[in-house]
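> Sending over upload_25.cif (mmCIF, N, CA and C atoms).
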```
data_final
#
loop_
_atom_site.group_PDB
_atom_site.id
_atom_site.type_symbol
_atom_site.label_atom_id
_atom_site.label_comp_id
_atom_site.auth_asym_id
_atom_site.auth_seq_id
_atom_site.Cartn_x
_atom_site.Cartn_y
_atom_site.Cartn_z
ATOM 1 N N MET G 12 0.850 -1.187 0.000
ATOM 2 C CA MET G 12 0.000 0.000 0.000
ATOM 3 C C MET G 12 0.890 1.243 0.000
ATOM 4 N N GLU G 13 0.531 2.192 -0.839
ATOM 5 C CA GLU G 13 1.297 3.428 -0.919
ATOM 6 C C GLU G 13 0.986 4.311 0.267
ATOM 7 N N LYS G 14 2.001 4.999 0.705
ATOM 8 C CA LYS G 14 1.815 5.931 1.809
ATOM 9 C C LYS G 14 1.212 7.223 1.249
ATOM 10 N N GLU G 15 0.155 7.711 1.885
ATOM 11 C CA GLU G 15 -0.488 8.915 1.365
ATOM 12 C C GLU G 15 0.333 10.148 1.725
ATOM 13 N N THR G 16 0.275 11.148 0.841
ATOM 14 C CA THR G 16 1.024 12.375 1.078
ATOM 15 C C THR G 16 0.291 13.226 2.104
ATOM 16 N N LYS G 17 0.974 14.244 2.563
ATOM 17 C CA LYS G 17 0.379 15.142 3.555
ATOM 18 C C LYS G 17 -0.884 15.801 2.993
ATOM 19 N N GLU G 18 -0.831 16.235 1.733
ATOM 20 C CA GLU G 18 -1.984 16.887 1.112
ATOM 21 C C GLU G 18 -3.163 15.931 0.996
ATOM 22 N N GLU G 19 -2.892 14.691 0.630
ATOM 23 C CA GLU G 19 -3.958 13.689 0.513
ATOM 24 C C GLU G 19 -4.573 13.392 1.878
ATOM 25 N N ARG G 20 -3.718 13.318 2.897
ATOM 26 C CA ARG G 20 -4.205 13.053 4.252
ATOM 27 C C ARG G 20 -5.093 14.196 4.733
ATOM 28 N N ILE G 21 -4.660 15.430 4.473
ATOM 29 C CA ILE G 21 -5.455 16.602 4.879
ATOM 30 C C ILE G 21 -6.780 16.611 4.132
ATOM 31 N N ALA G 22 -6.749 16.339 2.824
ATOM 32 C CA ALA G 22 -7.971 16.320 2.023
ATOM 33 C C ALA G 22 -8.923 15.227 2.514
ATOM 34 N N ARG G 23 -8.367 14.052 2.826
ATOM 35 C CA ARG G 23 -9.206 12.950 3.323
ATOM 36 C C ARG G 23 -9.845 13.323 4.658
ATOM 37 N N ARG G 24 -9.072 13.930 5.548
ATOM 38 C CA ARG G 24 -9.624 14.339 6.851
ATOM 39 C C ARG G 24 -10.710 15.390 6.694
ATOM 40 N N HIS G 25 -10.521 16.313 5.762
ATOM 41 C CA HIS G 25 -11.553 17.331 5.513
ATOM 42 C C HIS G 25 -12.829 16.687 4.986
ATOM 43 N N ARG G 26 -12.680 15.745 4.057
ATOM 44 C CA ARG G 26 -13.862 15.035 3.521
ATOM 45 C C ARG G 26 -14.574 14.285 4.633
ATOM 46 N N GLU G 27 -13.818 13.588 5.475
ATOM 47 C CA GLU G 27 -14.425 12.833 6.579
ATOM 48 C C GLU G 27 -15.140 13.764 7.553
ATOM 49 N N ARG G 28 -14.505 14.901 7.851
ATOM 50 C CA ARG G 28 -15.119 15.864 8.774
ATOM 51 C C ARG G 28 -16.405 16.436 8.176
ATOM 52 N N ASP G 29 -16.361 16.760 6.873
ATOM 53 C CA ASP G 29 -17.551 17.304 6.214
ATOM 54 C C ASP G 29 -18.693 16.285 6.187
ATOM 55 N N GLU G 30 -18.366 15.038 5.886
ATOM 56 C CA GLU G 30 -19.393 13.991 5.867
ATOM 57 C C GLU G 30 -19.994 13.803 7.257
ATOM 58 N N GLN G 31 -19.141 13.841 8.272
ATOM 59 C CA GLN G 31 -19.628 13.677 9.647
ATOM 60 C C GLN G 31 -20.513 14.857 10.045
ATOM 61 N N MET G 32 -20.108 16.077 9.669
ATOM 62 C CA MET G 32 -20.888 17.263 10.015
ATOM 63 C C MET G 32 -22.241 17.252 9.301
ATOM 64 N N LYS G 33 -22.254 16.878 8.025
ATOM 65 C CA LYS G 33 -23.487 16.899 7.242
ATOM 66 C C LYS G 33 -24.497 15.853 7.697
ATOM 67 N N SER G 34 -24.061 14.903 8.487
ATOM 68 C CA SER G 34 -24.992 13.870 8.959
ATOM 69 C C SER G 34 -25.615 14.217 10.308
ATOM 70 N N THR G 35 -25.261 15.373 10.882
ATOM 71 C CA THR G 35 -25.822 15.741 12.192
ATOM 72 C C THR G 35 -27.234 16.306 12.019
ATOM 73 N N PRO G 36 -28.091 16.120 13.014
ATOM 74 C CA PRO G 36 -29.456 16.654 12.930
ATOM 75 C C PRO G 36 -29.487 18.180 12.805
ATOM 76 N N GLY G 37 -28.551 18.856 13.453
ATOM 77 C CA GLY G 37 -28.516 20.317 13.381
ATOM 78 C C GLY G 37 -28.244 20.821 11.976
ATOM 79 N N TYR G 38 -27.318 20.179 11.276
ATOM 80 C CA TYR G 38 -26.988 20.581 9.909
ATOM 81 C C TYR G 38 -28.174 20.349 8.982
ATOM 82 N N VAL G 39 -28.813 19.192 9.139
ATOM 83 C CA VAL G 39 -29.968 18.862 8.295
ATOM 84 C C VAL G 39 -31.106 19.853 8.559
ATOM 85 N N THR G 40 -31.354 20.143 9.843
ATOM 86 C CA THR G 40 -32.415 21.086 10.207
ATOM 87 C C THR G 40 -32.123 22.467 9.638
ATOM 88 N N PHE G 41 -30.874 22.935 9.800
ATOM 89 C CA PHE G 41 -30.514 24.251 9.281
ATOM 90 C C PHE G 41 -30.677 24.301 7.767
ATOM 91 N N SER G 42 -30.247 23.269 7.071
ATOM 92 C CA SER G 42 -30.360 23.246 5.611
ATOM 93 C C SER G 42 -31.817 23.343 5.171
ATOM 94 N N ILE G 43 -32.683 22.590 5.816
ATOM 95 C CA ILE G 43 -34.108 22.617 5.472
ATOM 96 C C ILE G 43 -34.709 23.985 5.783
ATOM 97 N N MET G 44 -34.424 24.518 6.981
ATOM 98 C CA MET G 44 -34.993 25.810 7.374
ATOM 99 C C MET G 44 -34.481 26.937 6.476
ATOM 100 N N PHE G 45 -33.199 26.905 6.131
ATOM 101 C CA PHE G 45 -32.656 27.948 5.266
ATOM 102 C C PHE G 45 -33.287 27.882 3.882
ATOM 103 N N THR G 46 -33.458 26.681 3.366
ATOM 104 C CA THR G 46 -34.075 26.512 2.048
ATOM 105 C C THR G 46 -35.512 27.040 2.052
ATOM 106 N N LEU G 47 -36.252 26.752 3.108
ATOM 107 C CA LEU G 47 -37.634 27.225 3.201
ATOM 108 C C LEU G 47 -37.705 28.735 3.429
ATOM 109 N N ALA G 48 -36.755 29.291 4.173
ATOM 110 C CA ALA G 48 -36.798 30.715 4.526
ATOM 111 C C ALA G 48 -36.183 31.606 3.447
ATOM 112 N N TYR G 49 -35.425 31.043 2.518
ATOM 113 C CA TYR G 49 -34.697 31.862 1.550
ATOM 114 C C TYR G 49 -35.598 32.820 0.765
ATOM 115 N N PRO G 50 -36.758 32.393 0.276
ATOM 116 C CA PRO G 50 -37.615 33.360 -0.442
ATOM 117 C C PRO G 50 -38.025 34.545 0.440
ATOM 118 N N PHE G 51 -38.293 34.287 1.711
ATOM 119 C CA PHE G 51 -38.666 35.374 2.615
ATOM 120 C C PHE G 51 -37.490 36.312 2.868
ATOM 121 N N ILE G 52 -36.297 35.744 2.991
ATOM 122 C CA ILE G 52 -35.100 36.556 3.174
ATOM 123 C C ILE G 52 -34.884 37.442 1.949
ATOM 124 N N ALA G 53 -35.052 36.886 0.768
ATOM 125 C CA ALA G 53 -34.852 37.645 -0.469
ATOM 126 C C ALA G 53 -35.879 38.765 -0.600
ATOM 127 N N VAL G 54 -37.134 38.482 -0.301
ATOM 128 C CA VAL G 54 -38.188 39.508 -0.388
ATOM 129 C C VAL G 54 -37.940 40.605 0.644
ATOM 130 N N PHE G 55 -37.581 40.224 1.867
ATOM 131 C CA PHE G 55 -37.298 41.208 2.912
ATOM 132 C C PHE G 55 -36.138 42.114 2.483
ATOM 133 N N THR G 56 -35.088 41.528 1.934
ATOM 134 C CA THR G 56 -33.942 42.312 1.488
ATOM 135 C C THR G 56 -34.344 43.283 0.386
ATOM 136 N N PHE G 57 -35.170 42.815 -0.560
ATOM 137 C CA PHE G 57 -35.621 43.682 -1.646
ATOM 138 C C PHE G 57 -36.447 44.849 -1.105
ATOM 139 N N ILE G 58 -37.371 44.558 -0.189
ATOM 140 C CA ILE G 58 -38.228 45.607 0.377
ATOM 141 C C ILE G 58 -37.403 46.629 1.145
ATOM 142 N N MET G 59 -36.486 46.165 1.981
ATOM 143 C CA MET G 59 -35.678 47.090 2.776
ATOM 144 C C MET G 59 -34.775 47.929 1.881
ATOM 145 N N SER G 60 -34.225 47.347 0.831
ATOM 146 C CA SER G 60 -33.389 48.106 -0.104
ATOM 147 C C SER G 60 -34.212 49.170 -0.816
ATOM 148 N N THR G 61 -35.440 48.825 -1.186
ATOM 149 C CA THR G 61 -36.321 49.782 -1.846
ATOM 150 C C THR G 61 -36.667 50.941 -0.916
ATOM 151 N N VAL G 62 -37.017 50.622 0.318
ATOM 152 C CA VAL G 62 -37.347 51.672 1.300
ATOM 153 C C VAL G 62 -36.139 52.574 1.527
ATOM 154 N N LEU G 63 -34.962 51.996 1.666
ATOM 155 C CA LEU G 63 -33.750 52.782 1.859
ATOM 156 C C LEU G 63 -33.495 53.686 0.661
ATOM 157 N N SER G 64 -33.702 53.170 -0.541
ATOM 158 C CA SER G 64 -33.502 53.957 -1.750
ATOM 159 C C SER G 64 -34.480 55.131 -1.811
ATOM 160 N N ILE G 65 -35.725 54.893 -1.444
ATOM 161 C CA ILE G 65 -36.735 55.962 -1.446
ATOM 162 C C ILE G 65 -36.354 57.064 -0.468
ATOM 163 N N PHE G 66 -36.014 56.674 0.774
ATOM 164 C CA PHE G 66 -35.639 57.676 1.764
ATOM 165 C C PHE G 66 -34.355 58.397 1.393
ATOM 166 N N SER G 67 -33.434 57.707 0.750
ATOM 167 C CA SER G 67 -32.207 58.340 0.292
ATOM 168 C C SER G 67 -32.519 59.383 -0.771
ATOM 169 N N GLY G 68 -33.432 59.047 -1.681
ATOM 170 C CA GLY G 68 -33.835 60.000 -2.715
ATOM 171 C C GLY G 68 -34.506 61.233 -2.123
ATOM 172 N N ILE G 69 -35.370 61.024 -1.132
ATOM 173 C CA ILE G 69 -36.025 62.150 -0.454
ATOM 174 C C ILE G 69 -34.981 63.034 0.224
ATOM 175 N N SER G 70 -34.031 62.408 0.889
ATOM 176 C CA SER G 70 -32.979 63.152 1.576
ATOM 177 C C SER G 70 -32.142 63.958 0.593
ATOM 178 N N ARG G 71 -31.769 63.346 -0.535
ATOM 179 C CA ARG G 71 -30.981 64.066 -1.534
ATOM 180 C C ARG G 71 -31.771 65.232 -2.124
ATOM 181 N N ALA G 72 -33.073 65.016 -2.355
ATOM 182 C CA ALA G 72 -33.915 66.089 -2.895
ATOM 183 C C ALA G 72 -34.014 67.243 -1.903
ATOM 184 N N MET G 73 -34.171 66.917 -0.625
ATOM 185 C CA MET G 73 -34.237 67.975 0.401
ATOM 186 C C MET G 73 -32.917 68.737 0.487
ATOM 187 N N ALA G 74 -31.806 68.045 0.394
ATOM 188 C CA ALA G 74 -30.501 68.711 0.429
ATOM 189 C C ALA G 74 -30.333 69.627 -0.775
ATOM 190 N N TRP G 75 -30.831 69.170 -1.920
ATOM 191 C CA TRP G 75 -30.732 69.994 -3.128
ATOM 192 C C TRP G 75 -31.570 71.269 -2.982
ATOM 193 N N VAL G 76 -32.798 71.122 -2.429
ATOM 194 C CA VAL G 76 -33.680 72.278 -2.248
ATOM 195 C C VAL G 76 -33.084 73.257 -1.242
ATOM 196 N N VAL G 77 -32.593 72.720 -0.119
ATOM 197 C CA VAL G 77 -32.040 73.574 0.932
ATOM 198 C C VAL G 77 -30.788 74.307 0.447
ATOM 199 N N SER G 78 -29.994 73.682 -0.401
ATOM 200 C CA SER G 78 -28.771 74.318 -0.892
ATOM 201 C C SER G 78 -29.049 75.294 -2.045
ATOM 202 N N GLY G 79 -30.266 75.378 -2.454
ATOM 203 C CA GLY G 79 -30.632 76.291 -3.538
ATOM 204 C C GLY G 79 -30.269 75.737 -4.910
ATOM 205 N N GLY G 80 -30.188 74.429 -5.024
ATOM 206 C CA GLY G 80 -29.909 73.797 -6.314
ATOM 207 C C GLY G 80 -28.437 73.640 -6.614
ATOM 208 N N ARG G 81 -27.576 73.942 -5.646
ATOM 209 C CA ARG G 81 -26.135 73.824 -5.882
ATOM 210 C C ARG G 81 -25.597 72.449 -5.496
ATOM 211 N N SER G 82 -26.363 71.669 -4.740
ATOM 212 C CA SER G 82 -25.905 70.357 -4.272
ATOM 213 C C SER G 82 -25.998 69.332 -5.391
ATOM 214 N N LYS G 83 -24.997 68.437 -5.439
ATOM 215 C CA LYS G 83 -25.017 67.377 -6.465
ATOM 216 C C LYS G 83 -25.602 66.115 -5.917
#
```
Do you think you could lay out the structure here as structure tokens?


Amino acid sequence: MEKETKEERIARRHRERDEQMKSTPGYVTFSIMFTLAYPFIAVFTFIMSTVLSIFSGISRAMAWVVSGGRSK
């Protein structure tokens, strides 16, 4: 049998650790919950970005008015 190199040993240990981690109930639960929640996270992010953009536009418009049209 050939002796494995340091890189192969490290790669094998990482694969074993990943397989062991992915088989835990916590990992499975998190994966399922994240998959189910992702559309809500995306919609929330879109809504908050839109609200921030609107308020930013209002703020820039107010700064422009207050500066007498000299503000960029």

> Enclose all atoms of region 17-34 of chain G listed in the file in an axis-aligned box, grow every side by 4 Å, and hand back centre and edge lengths in Å to one decimal, as JSON.


```
{"center_x": -12.3, "center_y": 15.1, "center_z": 5.4, "size_x": 34.6, "size_y": 12.5, "size_z": 17.8}
```

> Check the DSSP output for the backbone and give back, as a ChimeraX atom specification, the residues of chain G in helix (DSSP H, G or I).

/G:17-33,36-77

> Can you measure CA of Ser42 (chain G) to atom N of Val54 (chain G) for me? One decimal in Å is fine.

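Interatomic distance, CA of Ser42 (chain G) to atom N of Val54 (chain G): 17.7 Å.
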
> Would you compute the distance between atom N of Ala53 (chain G) and atom C of Arg71 (chain G)? Give it in Å to one decimal.

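Atom-to-atom, atom N of Ala53 (chain G) to atom C of Arg71 (chain G), that is 28.7 Å.
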
> Expressed in Å to a single decimal, how great is the separation between atom C of Thr35 (chain G) and atom N of Leu47 (chain G)?

16.4 Å
